[in-house]
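Colleague: The structure is given below, and queries will be raised subsequently.
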Amino acid sequence: METAPLFVDLGKPKPTTRQIADLVRAGGVEALSEAVRRADAARYQEVRCRSALNRVKGMPFEWTLNPYRGCTHGCHYCYARRYHTQFELGSDDEVASIIFVKTNFVDVLRGELDKPSWTRQYVAVGTATDCYQPIEGHYRLTRRSLEALCQHRNPIGIITKGPMIVRDKDVLADMTARTDCSVYISVPTVDEDAWRQLEPGTAHPLQRLRAVRELVDAGVRAGVLMNPIVPGITSKRSVLERTIKAIADHGARFVGCSVMFLEGGTRDHFLRWLAQQYPQLVDGYTHLYARKYAASDYRKEVARVVAMLKLKYGLDERRQR
């Protein structure tokens with residue numbers, strides 16, 4: 001008796017992130033034989049996730065959402081570099097060249113949002129990787145996640161360096177009408193030399209600021225995070241002023257900033273990079289970063305200058321309105 005053929009070829013199930021870590025531990029990066037190399041030279045490994053909403057501690061929010069791990073932006077200061085070590089991968093080049101794509105992410109998220117125990121708590125999107133890095137144009141995991149969150153009227157904040165976010169301004173405008181929704185575009189500096197060196201895979205800072213303008217014009221609460229301010233590279237007053245003026249000129253509803261902090265694999269990577277690109281700053285960094293955060297007096301002085309510049313360009317009044 002003949003059996004009917006399957007209408008759908010289920011194929012081999014995607015590995016979990018834990019299985020990926022075991023593979024790399026045993027055989028190195030080359031063990032990721034199913035990772036697909038794309039035109040940007042990065043390799044993309046599809047994985048299954050067991051959860052989408054991730055509880056965190058010690059942050060201004062309790063829940064995060066990250067449909068990807070790893071990021072082709074390759075920012076040298078990125079605190080998320082250390083997270084790649086959880087997969088037995090290095091915090092240097094592999095952060096930007098090995099990207100994990102959680103293909104079942106949206107289905108898992110919808111299941112979690114549907115649970116009676118979920119009380120629509122604030123969710124921060126894109127905290128451990130950029131949710132609008134270029135591969136989002138192919139998988140659309142971020143957009144479909146936003147649609148699910150909008151349907152459930154769940155308050156969110158999105159952090160990104162990706163101008164691709166303007167593609168989803170319709171969903172964000174809808175969400176703004178239903179619940180609390182804020183977009184934080186990361187633009188640490190508009191200085192082109194610093195941008196090229198510190199953020200090699202990102203869009204031009206002015207392109208990001210144009211995205212802020214387009215979102216604000218669509219009715220979305222969008223502003224800028226000047227995170228991080230990198231001592232000796234983007235911390236000069238003239239550079240800070242040019243950046244804050246550009247932010248104000250593009251209609252940002254708010255601006256925030258913080259000085260770079262260094263820990264774990266990020267610290268090791270950044271200091272190696274600094275020694276190659278800015279060897280004259282190494283001694284200063286040794287004293288400034290005796291611990292995770294820059295010295296308190298330095299951070300207070302930067303905050304004072306930024307507050308003065310925000311007042312000069314009307315950003316404090318704009319935030320109050």
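The chains in the structure tokens are called A, B, ... from first to last as shown; in each chain the residues are counted from 1, and the ligands are counted from 1 in the order shown.
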Skip segment 198-214 of chain A itself and residues of its chain fewer than 2 positions away, then list as a PyMOL selection string all residues within 10 Å of it, counting only C-alpha atoms.
Modeller: chain A and resi 40+71-78+96+133-134+160-167+169+183-196+216-224+230+233-234+243+246-253+270+273
Colleague: Taking C-alpha atoms for each residue, export the selection above as a PDB file, in the first residue's frame.
Modeller:
ATOM      1  CA  ASP A  40      28.035  41.140   3.696  1.00  0.00           C
ATOM      2  CA  CYS A  71      25.515  42.270  15.071  1.00  0.00           C
ATOM      3  CA  THR A  72      27.152  43.243  11.787  1.00  0.00           C
ATOM      4  CA  HIS A  73      27.500  46.840  12.989  1.00  0.00           C
ATOM      5  CA  GLY A  74      30.658  45.716  14.790  1.00  0.00           C
ATOM      6  CA  CYS A  75      30.894  48.755  17.097  1.00  0.00           C
ATOM      7  CA  HIS A  76      34.151  48.475  19.019  1.00  0.00           C
ATOM      8  CA  TYR A  77      32.687  49.799  22.274  1.00  0.00           C
ATOM      9  CA  CYS A  78      29.539  47.644  22.283  1.00  0.00           C
ATOM     10  CA  ALA A  96      30.062  40.874  13.712  1.00  0.00           C
ATOM     11  CA  GLN A 133      20.684  45.367  11.430  1.00  0.00           C
ATOM     12  CA  PRO A 134      20.555  44.649   7.665  1.00  0.00           C
ATOM     13  CA  THR A 160      18.622  50.871  17.265  1.00  0.00           C
ATOM     14  CA  LYS A 161      21.255  52.328  14.969  1.00  0.00           C
ATOM     15  CA  GLY A 162      19.337  51.087  11.921  1.00  0.00           C
ATOM     16  CA  PRO A 163      17.516  53.618   9.690  1.00  0.00           C
ATOM     17  CA  MET A 164      15.510  50.622   8.439  1.00  0.00           C
ATOM     18  CA  ILE A 165      13.171  51.357  11.346  1.00  0.00           C
ATOM     19  CA  VAL A 166      11.361  53.909   9.156  1.00  0.00           C
ATOM     20  CA  ARG A 167       9.997  50.943   7.186  1.00  0.00           C
ATOM     21  CA  LYS A 169       6.641  53.652  11.036  1.00  0.00           C
ATOM     22  CA  VAL A 183      12.141  54.913  19.810  1.00  0.00           C
ATOM     23  CA  TYR A 184      15.743  55.553  20.841  1.00  0.00           C
ATOM     24  CA  ILE A 185      18.042  56.047  17.858  1.00  0.00           C
ATOM     25  CA  SER A 186      21.693  55.646  18.828  1.00  0.00           C
ATOM     26  CA  VAL A 187      23.885  58.452  17.470  1.00  0.00           C
ATOM     27  CA  PRO A 188      26.966  58.770  19.684  1.00  0.00           C
ATOM     28  CA  THR A 189      28.566  61.398  17.453  1.00  0.00           C
ATOM     29  CA  VAL A 190      28.274  63.118  14.087  1.00  0.00           C
ATOM     30  CA  ASP A 191      32.051  63.359  13.757  1.00  0.00           C
ATOM     31  CA  GLU A 192      32.801  61.356  10.613  1.00  0.00           C
ATOM     32  CA  ASP A 193      36.289  60.204  11.549  1.00  0.00           C
ATOM     33  CA  ALA A 194      35.132  58.890  14.928  1.00  0.00           C
ATOM     34  CA  TRP A 195      32.076  57.260  13.331  1.00  0.00           C
ATOM     35  CA  ARG A 196      34.135  55.401  10.744  1.00  0.00           C
ATOM     36  CA  VAL A 216       8.619  62.235  14.636  1.00  0.00           C
ATOM     37  CA  ASP A 217       6.752  63.529  11.595  1.00  0.00           C
ATOM     38  CA  ALA A 218       4.751  60.269  11.619  1.00  0.00           C
ATOM     39  CA  GLY A 219       3.683  60.942  15.201  1.00  0.00           C
ATOM     40  CA  VAL A 220       6.116  58.563  16.908  1.00  0.00           C
ATOM     41  CA  ARG A 221       7.955  59.628  20.062  1.00  0.00           C
ATOM     42  CA  ALA A 222      11.516  59.355  18.814  1.00  0.00           C
ATOM     43  CA  GLY A 223      14.750  60.721  20.220  1.00  0.00           C
ATOM     44  CA  VAL A 224      18.472  60.099  20.389  1.00  0.00           C
ATOM     45  CA  VAL A 230      34.025  57.690  24.238  1.00  0.00           C
ATOM     46  CA  ILE A 233      37.582  60.396  20.879  1.00  0.00           C
ATOM     47  CA  THR A 234      34.017  61.767  20.933  1.00  0.00           C
ATOM     48  CA  THR A 243      26.254  66.380  17.719  1.00  0.00           C
ATOM     49  CA  ALA A 246      22.380  68.154  14.758  1.00  0.00           C
ATOM     50  CA  ILE A 247      20.065  66.195  17.055  1.00  0.00           C
ATOM     51  CA  ALA A 248      18.030  69.327  17.802  1.00  0.00           C
ATOM     52  CA  ASP A 249      17.919  70.293  14.112  1.00  0.00           C
ATOM     53  CA  HIS A 250      16.355  66.927  13.254  1.00  0.00           C
ATOM     54  CA  GLY A 251      13.459  67.318  15.677  1.00  0.00           C
ATOM     55  CA  ALA A 252      14.378  64.744  18.324  1.00  0.00           C
ATOM     56  CA  ARG A 253      11.877  64.657  21.165  1.00  0.00           C
ATOM     57  CA  PHE A 270      38.251  47.724  23.149  1.00  0.00           C
ATOM     58  CA  TRP A 273      41.647  48.174  19.483  1.00  0.00           C
TER      59      TRP A 273
END
Colleague: From segment 86-169 of chain A, collect each residue whose DSSP state is strand (DSSP E or B) and return the set as a ChimeraX atom specification.
Modeller: /A:98-102,123-125,156-160
Colleague: Please run DSSP on the backbone and report, as a PyMOL selection string, all residues within segment 171-314 of chain A that come out as helix (DSSP H, G or I).
Modeller: chain A and resi 171-178+192-198+205-217+237-249+264-277+279-288+296-312
Colleague: Let me see the file: selected residues, C-alpha atoms, as a PDB file, in the first residue's frame.
Modeller:
ATOM      1  CA  VAL A 171       3.209  49.906  13.025  1.00  0.00           C
ATOM      2  CA  LEU A 172       4.949  52.299  15.411  1.00  0.00           C
ATOM      3  CA  ALA A 173       2.379  55.032  14.786  1.00  0.00           C
ATOM      4  CA  ASP A 174      -0.407  52.517  15.427  1.00  0.00           C
ATOM      5  CA  MET A 175       1.316  51.400  18.601  1.00  0.00           C
ATOM      6  CA  THR A 176       1.742  55.017  19.728  1.00  0.00           C
ATOM      7  CA  ALA A 177      -2.030  55.449  19.457  1.00  0.00           C
ATOM      8  CA  ARG A 178      -2.638  52.320  21.565  1.00  0.00           C
ATOM      9  CA  GLU A 192      32.801  61.356  10.613  1.00  0.00           C
ATOM     10  CA  ASP A 193      36.289  60.204  11.549  1.00  0.00           C
ATOM     11  CA  ALA A 194      35.132  58.890  14.928  1.00  0.00           C
ATOM     12  CA  TRP A 195      32.076  57.260  13.331  1.00  0.00           C
ATOM     13  CA  ARG A 196      34.135  55.401  10.744  1.00  0.00           C
ATOM     14  CA  GLN A 197      36.573  54.127  13.343  1.00  0.00           C
ATOM     15  CA  LEU A 198      34.197  53.243  16.170  1.00  0.00           C
ATOM     16  CA  PRO A 205      24.978  59.389  11.635  1.00  0.00           C
ATOM     17  CA  LEU A 206      22.989  61.891   9.570  1.00  0.00           C
ATOM     18  CA  GLN A 207      21.067  59.059   7.956  1.00  0.00           C
ATOM     19  CA  ARG A 208      20.063  57.942  11.449  1.00  0.00           C
ATOM     20  CA  LEU A 209      19.038  61.483  12.359  1.00  0.00           C
ATOM     21  CA  ARG A 210      16.895  61.698   9.226  1.00  0.00           C
ATOM     22  CA  ALA A 211      15.156  58.552  10.493  1.00  0.00           C
ATOM     23  CA  VAL A 212      14.415  60.402  13.749  1.00  0.00           C
ATOM     24  CA  ARG A 213      12.842  63.243  11.789  1.00  0.00           C
ATOM     25  CA  GLU A 214      10.711  60.881   9.710  1.00  0.00           C
ATOM     26  CA  LEU A 215       9.447  59.021  12.771  1.00  0.00           C
ATOM     27  CA  VAL A 216       8.619  62.235  14.636  1.00  0.00           C
ATOM     28  CA  ASP A 217       6.752  63.529  11.595  1.00  0.00           C
ATOM     29  CA  ARG A 237      33.259  69.909  23.657  1.00  0.00           C
ATOM     30  CA  SER A 238      33.250  70.989  20.008  1.00  0.00           C
ATOM     31  CA  VAL A 239      32.271  67.449  18.922  1.00  0.00           C
ATOM     32  CA  LEU A 240      29.581  67.194  21.600  1.00  0.00           C
ATOM     33  CA  GLU A 241      28.144  70.545  20.527  1.00  0.00           C
ATOM     34  CA  ARG A 242      28.006  69.631  16.829  1.00  0.00           C
ATOM     35  CA  THR A 243      26.254  66.380  17.719  1.00  0.00           C
ATOM     36  CA  ILE A 244      23.665  67.973  20.007  1.00  0.00           C
ATOM     37  CA  LYS A 245      22.950  70.740  17.506  1.00  0.00           C
ATOM     38  CA  ALA A 246      22.380  68.154  14.758  1.00  0.00           C
ATOM     39  CA  ILE A 247      20.065  66.195  17.055  1.00  0.00           C
ATOM     40  CA  ALA A 248      18.030  69.327  17.802  1.00  0.00           C
ATOM     41  CA  ASP A 249      17.919  70.293  14.112  1.00  0.00           C
ATOM     42  CA  GLY A 264      34.198  41.480  30.325  1.00  0.00           C
ATOM     43  CA  GLY A 265      35.050  40.692  26.721  1.00  0.00           C
ATOM     44  CA  THR A 266      34.148  44.224  25.666  1.00  0.00           C
ATOM     45  CA  ARG A 267      36.920  45.671  27.809  1.00  0.00           C
ATOM     46  CA  ASP A 268      39.525  43.300  26.400  1.00  0.00           C
ATOM     47  CA  HIS A 269      38.468  43.947  22.815  1.00  0.00           C
ATOM     48  CA  PHE A 270      38.251  47.724  23.149  1.00  0.00           C
ATOM     49  CA  LEU A 271      41.633  48.127  24.839  1.00  0.00           C
ATOM     50  CA  ARG A 272      43.294  46.014  22.125  1.00  0.00           C
ATOM     51  CA  TRP A 273      41.647  48.174  19.483  1.00  0.00           C
ATOM     52  CA  LEU A 274      42.640  51.366  21.323  1.00  0.00           C
ATOM     53  CA  ALA A 275      46.285  50.293  21.482  1.00  0.00           C
ATOM     54  CA  GLN A 276      46.285  49.905  17.686  1.00  0.00           C
ATOM     55  CA  GLN A 277      44.322  53.018  16.738  1.00  0.00           C
ATOM     56  CA  PRO A 279      48.137  54.321  21.419  1.00  0.00           C
ATOM     57  CA  GLN A 280      48.543  57.814  22.910  1.00  0.00           C
ATOM     58  CA  LEU A 281      45.334  57.287  24.910  1.00  0.00           C
ATOM     59  CA  VAL A 282      46.216  53.946  26.508  1.00  0.00           C
ATOM     60  CA  ASP A 283      47.851  55.352  29.650  1.00  0.00           C
ATOM     61  CA  GLY A 284      44.951  57.720  30.235  1.00  0.00           C
ATOM     62  CA  TYR A 285      42.461  54.870  29.910  1.00  0.00           C
ATOM     63  CA  THR A 286      44.426  52.780  32.383  1.00  0.00           C
ATOM     64  CA  HIS A 287      43.771  55.424  35.044  1.00  0.00           C
ATOM     65  CA  LEU A 288      40.286  56.448  33.922  1.00  0.00           C
ATOM     66  CA  SER A 296      33.033  59.593  38.773  1.00  0.00           C
ATOM     67  CA  ASP A 297      34.457  63.127  38.434  1.00  0.00           C
ATOM     68  CA  TYR A 298      34.958  62.610  34.705  1.00  0.00           C
ATOM     69  CA  ARG A 299      31.386  61.378  34.201  1.00  0.00           C
ATOM     70  CA  LYS A 300      29.988  64.328  36.175  1.00  0.00           C
ATOM     71  CA  GLU A 301      31.935  66.806  34.057  1.00  0.00           C
ATOM     72  CA  VAL A 302      30.683  65.264  30.816  1.00  0.00           C
ATOM     73  CA  ALA A 303      27.112  65.314  32.148  1.00  0.00           C
ATOM     74  CA  ARG A 304      27.497  69.006  33.054  1.00  0.00           C
ATOM     75  CA  VAL A 305      28.691  69.956  29.576  1.00  0.00           C
ATOM     76  CA  VAL A 306      25.951  67.936  27.874  1.00  0.00           C
ATOM     77  CA  ALA A 307      23.244  69.467  30.110  1.00  0.00           C
ATOM     78  CA  MET A 308      24.485  72.954  29.236  1.00  0.00           C
ATOM     79  CA  LEU A 309      24.432  72.175  25.508  1.00  0.00           C
ATOM     80  CA  LYS A 310      20.954  70.641  25.685  1.00  0.00           C
ATOM     81  CA  LEU A 311      19.738  73.852  27.306  1.00  0.00           C
ATOM     82  CA  LYS A 312      21.466  75.959  24.647  1.00  0.00           C
TER      83      LYS A 312
END
Colleague: If you measure from atom CA of Leu113 of chain A to atom CA of Thr16 of chain A, what distance in Å do you get, rounded to one decimal?
Modeller: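 According to the coordinates, atom CA of Leu113 of chain A and atom CA of Thr16 of chain A are separated by 21.4 Å.
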Colleague: Would you give me, as CSV, each residue of segment 91-194 of chain A having an atom within 10 Å of an atom of segment 49-62 of chain A, along with its shortest atom pair and that distance in Å to one decimal, using only C-alpha atoms and sorting by chain and residue number?
Modeller:
residue,atom,partner,partner_atom,distance
A:Val101,CA,A:Cys49,CA,9.3
A:Lys102,CA,A:Cys49,CA,5.9
A:Thr103,CA,A:Cys49,CA,7.9
A:Asn104,CA,A:Cys49,CA,6.7
A:Phe105,CA,A:Ala52,CA,6.0
A:Val106,CA,A:Ala52,CA,7.8
A:Asp107,CA,A:Ala52,CA,9.0
A:Val108,CA,A:Ala52,CA,6.1
A:Leu109,CA,A:Ala52,CA,5.2
A:Arg110,CA,A:Ala52,CA,9.0
A:Gly111,CA,A:Ala52,CA,9.4
A:Glu112,CA,A:Leu53,CA,7.5
A:Leu113,CA,A:Leu53,CA,8.9
A:Gln121,CA,A:Glu62,CA,8.1
A:Tyr122,CA,A:Phe61,CA,6.9
A:Val123,CA,A:Phe61,CA,7.1
A:Ala124,CA,A:Phe61,CA,6.9
A:Val125,CA,A:Leu53,CA,9.7
A:Ser145,CA,A:Ala52,CA,9.7
A:Gly157,CA,A:Phe61,CA,9.7
